[in-house]
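Source file upload-v9.cif; content: mmCIF, C-alpha atoms.
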data_run
#
loop_
_atom_site.label_atom_id
_atom_site.label_comp_id
_atom_site.auth_asym_id
_atom_site.auth_seq_id
_atom_site.Cartn_x
_atom_site.Cartn_y
_atom_site.Cartn_z
CA GLY A 1 6.85 18.19 20.70
CA ARG A 2 10.03 16.59 22.04
CA GLY A 3 10.21 12.82 22.27
CA CYS A 4 10.63 11.21 25.68
CA ARG A 5 11.47 7.62 26.56
CA LEU A 6 8.43 7.01 28.69
CA PRO A 7 6.23 3.93 28.79
CA ALA A 8 2.67 4.42 27.63
CA GLY A 9 0.52 4.88 30.69
CA ALA A 10 3.14 6.99 32.49
CA GLY A 11 2.23 10.51 33.53
CA GLY A 12 3.38 13.80 32.03
CA VAL A 13 4.11 13.50 28.32
CA ALA A 14 2.25 10.19 27.99
CA ALA A 15 -0.86 11.67 29.56
CA GLN A 16 -0.58 14.68 27.26
CA ALA A 17 -0.41 12.42 24.22
CA ALA A 18 -3.69 10.82 25.22
CA LEU A 19 -5.47 14.18 25.03
CA GLY A 20 -5.39 14.30 21.25
CA PRO A 21 -8.09 12.99 18.91
CA VAL A 22 -5.66 10.77 16.97
CA LEU A 23 -2.84 8.55 18.26
CA GLN A 24 -0.39 7.36 15.62
CA VAL A 25 1.87 4.38 16.38
CA ASP A 26 4.82 2.86 14.53
CA GLU A 27 7.90 0.77 15.31
CA THR A 28 11.33 0.02 13.89
CA SER A 29 14.03 -2.53 14.59
CA VAL A 30 17.17 -1.58 16.53
CA GLN A 31 20.26 -3.56 17.42
CA VAL A 32 21.58 -3.08 20.93
CA MET A 33 25.16 -3.97 21.81
CA GLY A 34 26.08 -5.34 25.21
CA GLU A 35 22.52 -5.78 26.44
CA GLN A 36 22.47 -8.11 29.41
CA GLY A 37 21.17 -11.57 28.63
CA ARG A 38 20.87 -10.99 24.86
CA ALA A 39 23.26 -11.58 21.99
CA ASP A 40 24.45 -8.52 20.07
CA THR A 41 22.83 -9.91 16.93
CA THR A 42 19.36 -9.99 18.54
CA LEU A 43 16.92 -7.45 17.19
CA SER A 44 15.02 -5.16 19.52
CA TYR A 45 12.42 -2.54 18.68
CA MET A 46 11.82 1.13 19.24
CA TRP A 47 8.15 2.02 19.25
CA VAL A 48 6.88 5.57 18.96
CA ALA A 49 3.44 7.04 19.60
CA ARG A 50 2.49 10.48 18.33
CA GLY A 51 -0.50 12.24 19.86
CA GLY A 52 -1.49 15.30 21.78
CA PRO A 53 -3.67 18.30 21.01
CA PRO A 54 -3.72 19.51 17.37
CA GLY A 55 -0.74 21.77 16.75
CA GLU A 56 1.06 20.55 19.89
CA PRO A 57 2.24 17.01 19.04
CA VAL A 58 3.81 14.82 21.70
CA LEU A 59 6.15 11.93 20.91
CA ILE A 60 6.67 8.93 23.18
CA TYR A 61 9.55 6.55 22.45
CA HIS A 62 9.22 3.11 24.00
CA TYR A 63 11.99 0.49 23.82
CA ALA A 64 11.01 -3.19 23.82
CA PRO A 65 12.74 -6.47 23.00
CA SER A 66 9.69 -7.60 21.02
CA ARG A 67 7.48 -6.53 18.14
CA GLY A 68 4.53 -8.51 19.47
CA ALA A 69 0.94 -7.56 20.13
CA PRO A 70 1.47 -7.26 23.93
CA VAL A 71 3.89 -4.39 23.31
CA ALA A 72 1.43 -2.69 20.99
CA ALA A 73 -1.15 -2.95 23.76
CA GLU A 74 1.32 -1.47 26.24
CA VAL A 75 2.14 1.45 23.98
CA ILE A 76 -1.48 2.26 23.18
CA GLY A 77 -2.55 1.65 26.77
CA ASP A 78 -6.10 2.64 27.63
CA TYR A 79 -6.27 5.32 24.96
CA HIS A 80 -9.74 5.98 23.57
CA GLY A 81 -10.11 7.55 20.15
CA TYR A 82 -8.65 7.08 16.69
CA VAL A 83 -5.49 4.96 16.52
CA GLN A 84 -3.72 5.18 13.17
CA THR A 85 -1.15 2.56 12.14
CA ASP A 86 0.15 0.65 9.18
CA GLY A 87 -1.21 -2.80 8.37
CA TYR A 88 0.92 -4.74 10.86
CA GLU A 89 -1.44 -7.26 12.47
CA ALA A 90 -0.09 -6.74 16.01
CA TYR A 91 -2.24 -3.63 16.21
CA ASP A 92 -5.47 -5.39 15.28
CA ARG A 93 -6.35 -6.91 18.65
CA VAL A 94 -5.83 -3.82 20.80
CA CYS A 95 -7.56 -1.62 18.21
CA ALA A 96 -10.57 -3.96 18.21
CA ARG A 97 -11.55 -3.08 21.77
CA GLU A 98 -14.39 -0.74 22.63
CA GLY A 99 -13.59 2.93 22.42
CA VAL A 100 -10.90 2.61 19.74
CA SER A 101 -11.37 3.21 16.01
CA HIS A 102 -8.55 1.78 13.91
CA VAL A 103 -7.46 4.03 11.03
CA GLY A 104 -5.31 2.85 8.14
CA CYS A 105 -2.47 4.55 6.30
CA TRP A 106 -2.72 5.46 2.62
CA SER A 107 1.03 5.96 2.33
CA HIS A 108 1.59 2.26 3.00
CA ALA A 109 -1.15 1.29 0.54
CA ARG A 110 0.43 3.54 -2.08
CA ARG A 111 3.85 2.03 -1.38
CA GLY A 112 2.61 -1.39 -2.43
CA PHE A 113 1.49 -0.13 -5.83
CA THR A 114 4.73 1.81 -6.26
CA ASP A 115 6.65 -1.42 -5.65
CA ALA A 116 4.35 -3.22 -8.10
CA LYS A 117 5.10 -0.64 -10.77
CA LYS A 118 8.84 -1.09 -10.23
CA ALA A 119 8.44 -4.86 -10.40
CA THR A 120 6.84 -4.70 -13.85
CA GLY A 121 9.61 -2.50 -15.22
CA ASN A 122 7.01 -0.52 -17.14
CA THR A 123 8.83 2.38 -18.80
CA SER A 124 6.28 3.03 -21.57
CA LYS A 125 3.97 6.01 -21.67
CA LYS A 126 0.98 3.69 -21.47
CA ALA A 127 -0.28 3.46 -17.89
CA GLY A 128 -0.23 0.03 -16.33
CA ALA A 129 -2.52 -1.35 -13.64
CA ALA A 130 -0.31 -0.06 -10.82
CA ASP A 131 -0.38 3.42 -12.38
CA GLN A 132 -4.17 3.33 -12.33
CA ALA A 133 -4.22 2.64 -8.60
CA LEU A 134 -1.60 5.33 -7.97
CA ALA A 135 -3.70 7.83 -9.92
CA PHE A 136 -6.71 7.13 -7.67
CA ILE A 137 -4.60 7.56 -4.54
CA ALA A 138 -3.06 10.76 -5.88
CA LYS A 139 -6.55 12.25 -6.05
CA LEU A 140 -7.05 11.51 -2.35
CA TYR A 141 -3.89 13.43 -1.53
CA ALA A 142 -4.86 16.26 -3.86
CA ALA A 143 -8.02 16.78 -1.83
CA GLU A 144 -5.88 17.53 1.25
CA SER A 145 -5.06 20.88 -0.35
CA LEU A 146 -8.59 21.91 0.64
CA ARG A 147 -7.38 21.98 4.25
CA GLN A 148 -6.88 25.67 4.99
CA SER A 149 -6.95 26.06 8.76
CA THR A 150 -8.12 24.34 11.94
CA ASP A 151 -10.82 27.01 12.21
CA ALA A 152 -12.73 25.59 9.27
CA LEU A 153 -12.40 21.84 9.77
CA ASP A 154 -16.08 21.04 9.29
CA ALA A 155 -16.18 22.91 5.99
CA PHE A 156 -12.97 21.19 4.93
CA ASN A 157 -14.34 17.74 5.74
CA ALA A 158 -17.54 18.39 3.80
CA ALA A 159 -15.52 19.52 0.79
CA ARG A 160 -13.11 16.63 1.15
CA ARG A 161 -15.89 14.06 1.34
CA ALA A 162 -17.56 15.48 -1.75
CA GLN A 163 -14.30 15.22 -3.66
CA VAL A 164 -12.94 11.87 -2.51
CA GLU A 165 -16.01 9.69 -1.95
CA PRO A 166 -16.53 9.17 -5.71
CA VAL A 167 -12.81 8.39 -6.05
CA LEU A 168 -12.97 5.84 -3.24
CA GLU A 169 -16.00 4.20 -4.81
CA LYS A 170 -14.21 3.85 -8.14
CA LEU A 171 -11.04 2.58 -6.48
CA ARG A 172 -12.96 -0.02 -4.50
CA GLY A 173 -14.60 -1.31 -7.67
CA TRP A 174 -11.23 -1.35 -9.43
CA LEU A 175 -9.68 -3.39 -6.60
CA GLU A 176 -12.49 -5.95 -6.71
CA ARG A 177 -12.18 -6.38 -10.48
CA LYS A 178 -8.40 -6.58 -10.52
CA ALA A 179 -8.30 -9.07 -7.64
CA ASP A 180 -9.79 -11.65 -10.03
CA GLN A 181 -7.40 -10.79 -12.86
CA VAL A 182 -3.92 -10.83 -11.31
CA LEU A 183 -1.82 -13.47 -9.60
CA PRO A 184 -2.27 -13.21 -5.82
CA ARG A 185 1.46 -13.67 -5.20
CA SER A 186 2.53 -11.01 -7.68
CA ALA A 187 3.56 -7.58 -6.41
CA LEU A 188 0.35 -6.12 -7.79
CA GLY A 189 -1.72 -8.93 -6.31
CA LYS A 190 -0.21 -8.34 -2.89
CA ALA A 191 -0.83 -4.56 -3.13
CA ILE A 192 -4.46 -5.17 -4.08
CA ALA A 193 -4.95 -7.66 -1.24
CA TYR A 194 -3.32 -5.32 1.27
CA THR A 195 -5.47 -2.35 0.29
CA GLY A 196 -8.69 -4.34 0.00
CA GLY A 197 -8.12 -6.14 3.28
CA LEU A 198 -7.61 -2.89 5.17
CA TRP A 199 -10.37 -0.98 3.40
CA PRO A 200 -12.60 -0.17 6.43
CA GLY A 201 -9.67 1.43 8.21
CA LEU A 202 -8.40 3.18 5.11
CA VAL A 203 -11.67 5.03 4.55
CA ARG A 204 -12.12 5.91 8.22
CA PHE A 205 -10.28 9.20 7.74
CA LEU A 206 -13.57 10.57 6.41
CA ALA A 207 -15.08 10.32 9.89
CA ASP A 208 -13.11 13.24 11.32
CA PRO A 209 -11.28 16.14 9.64
CA LYS A 210 -8.47 15.84 12.21
CA ILE A 211 -7.45 12.43 10.86
CA PRO A 212 -4.60 12.61 8.32
CA LEU A 213 -4.36 10.33 5.32
CA ASP A 214 -1.23 8.58 6.52
CA THR A 215 1.18 7.91 9.35
CA ASN A 216 4.06 9.82 7.77
CA SER A 217 4.42 12.10 10.79
CA VAL A 218 5.04 9.27 13.23
CA GLU A 219 7.11 7.30 10.71
CA GLY A 220 9.32 10.35 10.28
CA ALA A 221 9.84 10.47 14.04
CA LEU A 222 11.58 7.08 13.78
CA ARG A 223 14.12 8.13 11.17
CA GLY A 224 16.45 9.48 13.82
CA VAL A 225 16.48 6.06 15.45
#
Could you take the file, read its structure, and then write that structure out as structure tokens?
Amino acid sequence: GRGCRLPAGAGGVAAQAALGPVLQVDETSVQVMGEQGRADTTLSYMWVARGGPPGEPVLIYHYAPSRGAPVAAEVIGDYHGYVQTDGYEAYDRVCAREGVSHVGCWSHARRGFTDAKKATGNTSKKAGAADQALAFIAKLYAAESLRQSTDALDAFNAARRAQVEPVLEKLRGWLERKADQVLPRSALGKAIAYTGGLWPGLVRFLADPKIPLDTNSVEGALRGV
């Protein structure tokens, strides 16, 4: 489970990461001092991929001067399976190739509605529109409590699907209705567009019980950076 600064595609830890059913990827900006040929004010990026067999996670840290799609392709390499990321568009092209299923992150979708709630300054007991979306998403997370052990994943997934599919159906309908009622450039409008635009990837967690709802594990691996 220790992180190593290895490029994706290298042997050892990188190869071990590719053995898992889900590869999570994230990136964060870093500022490097005294880097040859670059001003100290220039932003660079640390990318991290989290994969490996269930229960034995492997972290790969990959430094790059860019946040572009070519780096995303380098980090993901020739991995085949589920790739879970946030909604950053640099991941779209590499995740569109054959053998890769792009999975979205509900934590990032929830964050948009949390920001929308803060933007309205709603302190009353009456739930606003953002609260309604957050209540739907909370039910998705509540269903994760059904996960007992890796020995009963199929049973867990059946129970999870039964519990969350009606919630997802209601949330999708809510998003479609609200999209016509709010200003697109408002915080709520942006949260609705983000969630609706990424919907196929956001519901893909139902395809496999090993897929988590969010990328919090890999995002947490970047906090030390």
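Between Pro53 of chain A and the residues A:Gly20, A:Leu146, A:Gly81, A:Gln36, the shortest atom-to-atom distance, using all atoms listed in the file, involves A:Gly20.
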Quick one: distance from atom CA of Ser44 of chain A to atom CA of Ala64 of chain A in Å, one decimal?
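Atom-to-atom, atom CA of Ser44 of chain A and atom CA of Ala64 of chain A are spaced 6.2 Å apart.
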Evaluate the PyMOL selection byres ((chain A and resi 117) around 9) and record the selected residues as a ChimeraX atom specification, following the chain and residue labels used in the document.
/A:112-116,118-122,128-131,187-188
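Of the listed residues A:Ala152, A:Val167, A:Ala162, A:Ile60, the one whose atoms come nearest to Pro209 of chain A is A:Ala152, with distances taken using only C-alpha atoms.
Counting only C-alpha atoms, the residue from A:Arg50, A:Arg161, A:His102, A:Lys170 that sits nearest to Ala133 of chain A is A:Lys170.
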Applying 10 Å and all atoms listed in the file, which residues near segment 87-99 of chain A remain after dropping the ones on its own chain fewer than 6 positions away? List them as a list in words.
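Here the qualifying residues turn out to be Val25, Asp26, Glu27, Arg67, Gly68, Ala69, Pro70, Val71, Ala72, Ala73, Glu74, Ile76, Gly77, Asp78, Tyr79, His80, Gly81, Cys105, His108, Ala109, Tyr194, Thr195, Gly197, Leu198, Gly201 and Leu202 of chain A.
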Export of the given selection (C-alpha atoms) as a PDB file, in the frame of the given file:
ATOM      1  CA  VAL A  25       1.870   4.380  16.380  1.00  0.00           C
ATOM      2  CA  ASP A  26       4.820   2.860  14.530  1.00  0.00           C
ATOM      3  CA  GLU A  27       7.900   0.770  15.310  1.00  0.00           C
ATOM      4  CA  ARG A  67       7.480  -6.530  18.140  1.00  0.00           C
ATOM      5  CA  GLY A  68       4.530  -8.510  19.470  1.00  0.00           C
ATOM      6  CA  ALA A  69       0.940  -7.560  20.130  1.00  0.00           C
ATOM      7  CA  PRO A  70       1.470  -7.260  23.930  1.00  0.00           C
ATOM      8  CA  VAL A  71       3.890  -4.390  23.310  1.00  0.00           C
ATOM      9  CA  ALA A  72       1.430  -2.690  20.990  1.00  0.00           C
ATOM     10  CA  ALA A  73      -1.150  -2.950  23.760  1.00  0.00           C
ATOM     11  CA  GLU A  74       1.320  -1.470  26.240  1.00  0.00           C
ATOM     12  CA  ILE A  76      -1.480   2.260  23.180  1.00  0.00           C
ATOM     13  CA  GLY A  77      -2.550   1.650  26.770  1.00  0.00           C
ATOM     14  CA  ASP A  78      -6.100   2.640  27.630  1.00  0.00           C
ATOM     15  CA  TYR A  79      -6.270   5.320  24.960  1.00  0.00           C
ATOM     16  CA  HIS A  80      -9.740   5.980  23.570  1.00  0.00           C
ATOM     17  CA  GLY A  81     -10.110   7.550  20.150  1.00  0.00           C
ATOM     18  CA  CYS A 105      -2.470   4.550   6.300  1.00  0.00           C
ATOM     19  CA  HIS A 108       1.590   2.260   3.000  1.00  0.00           C
ATOM     20  CA  ALA A 109      -1.150   1.290   0.540  1.00  0.00           C
ATOM     21  CA  TYR A 194      -3.320  -5.320   1.270  1.00  0.00           C
ATOM     22  CA  THR A 195      -5.470  -2.350   0.290  1.00  0.00           C
ATOM     23  CA  GLY A 197      -8.120  -6.140   3.280  1.00  0.00           C
ATOM     24  CA  LEU A 198      -7.610  -2.890   5.170  1.00  0.00           C
ATOM     25  CA  GLY A 201      -9.670   1.430   8.210  1.00  0.00           C
ATOM     26  CA  LEU A 202      -8.400   3.180   5.110  1.00  0.00           C
TER      27      LEU A 202
END
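Residue nearest Gln31 of chain A within the list A:Ser145, A:Gln16, A:Ser66, A:Thr215: A:Ser66 [criterion: smallest interatomic distance, all atoms listed in the file].
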Go ahead and compute the interatomic distance for atom CA of Lys190 of chain A and atom CA of Arg177 of chain A, in Å to one decimal.
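Spanning atom CA of Lys190 of chain A to atom CA of Arg177 of chain A is a straight-line distance of 14.3 Å.
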Result set, the PyMOL selection byres ((chain A and resi 224) around 12) on current file, as JSON, numbers by chain
{"A": [3, 28, 30, 46, 48, 61, 218, 219, 220, 221, 222, 223, 225]}
Separation of atom CA of Leu19 of chain A from atom CA of Ser217 of chain A in Å:
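For atom CA of Ser217 of chain A relative to atom CA of Leu19 of chain A, the distance reads 17.5 Å.
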Can you sort out the box for segment 218-221 of chain A, edges along x, y and z, all listed atoms in, 3 Å on every side, with centre and edge lengths in Å to one decimal, as lines of an AutoDock Vina configuration file?
center_x = 7.4
center_y = 8.9
center_z = 12.2
size_x = 10.8
size_y = 9.2
size_z = 9.8
Once the PyMOL selection byres ((chain A and resi 85) around 6) is applied to the coordinates I shared, what remains selected? I want it as a count of residues only.
5
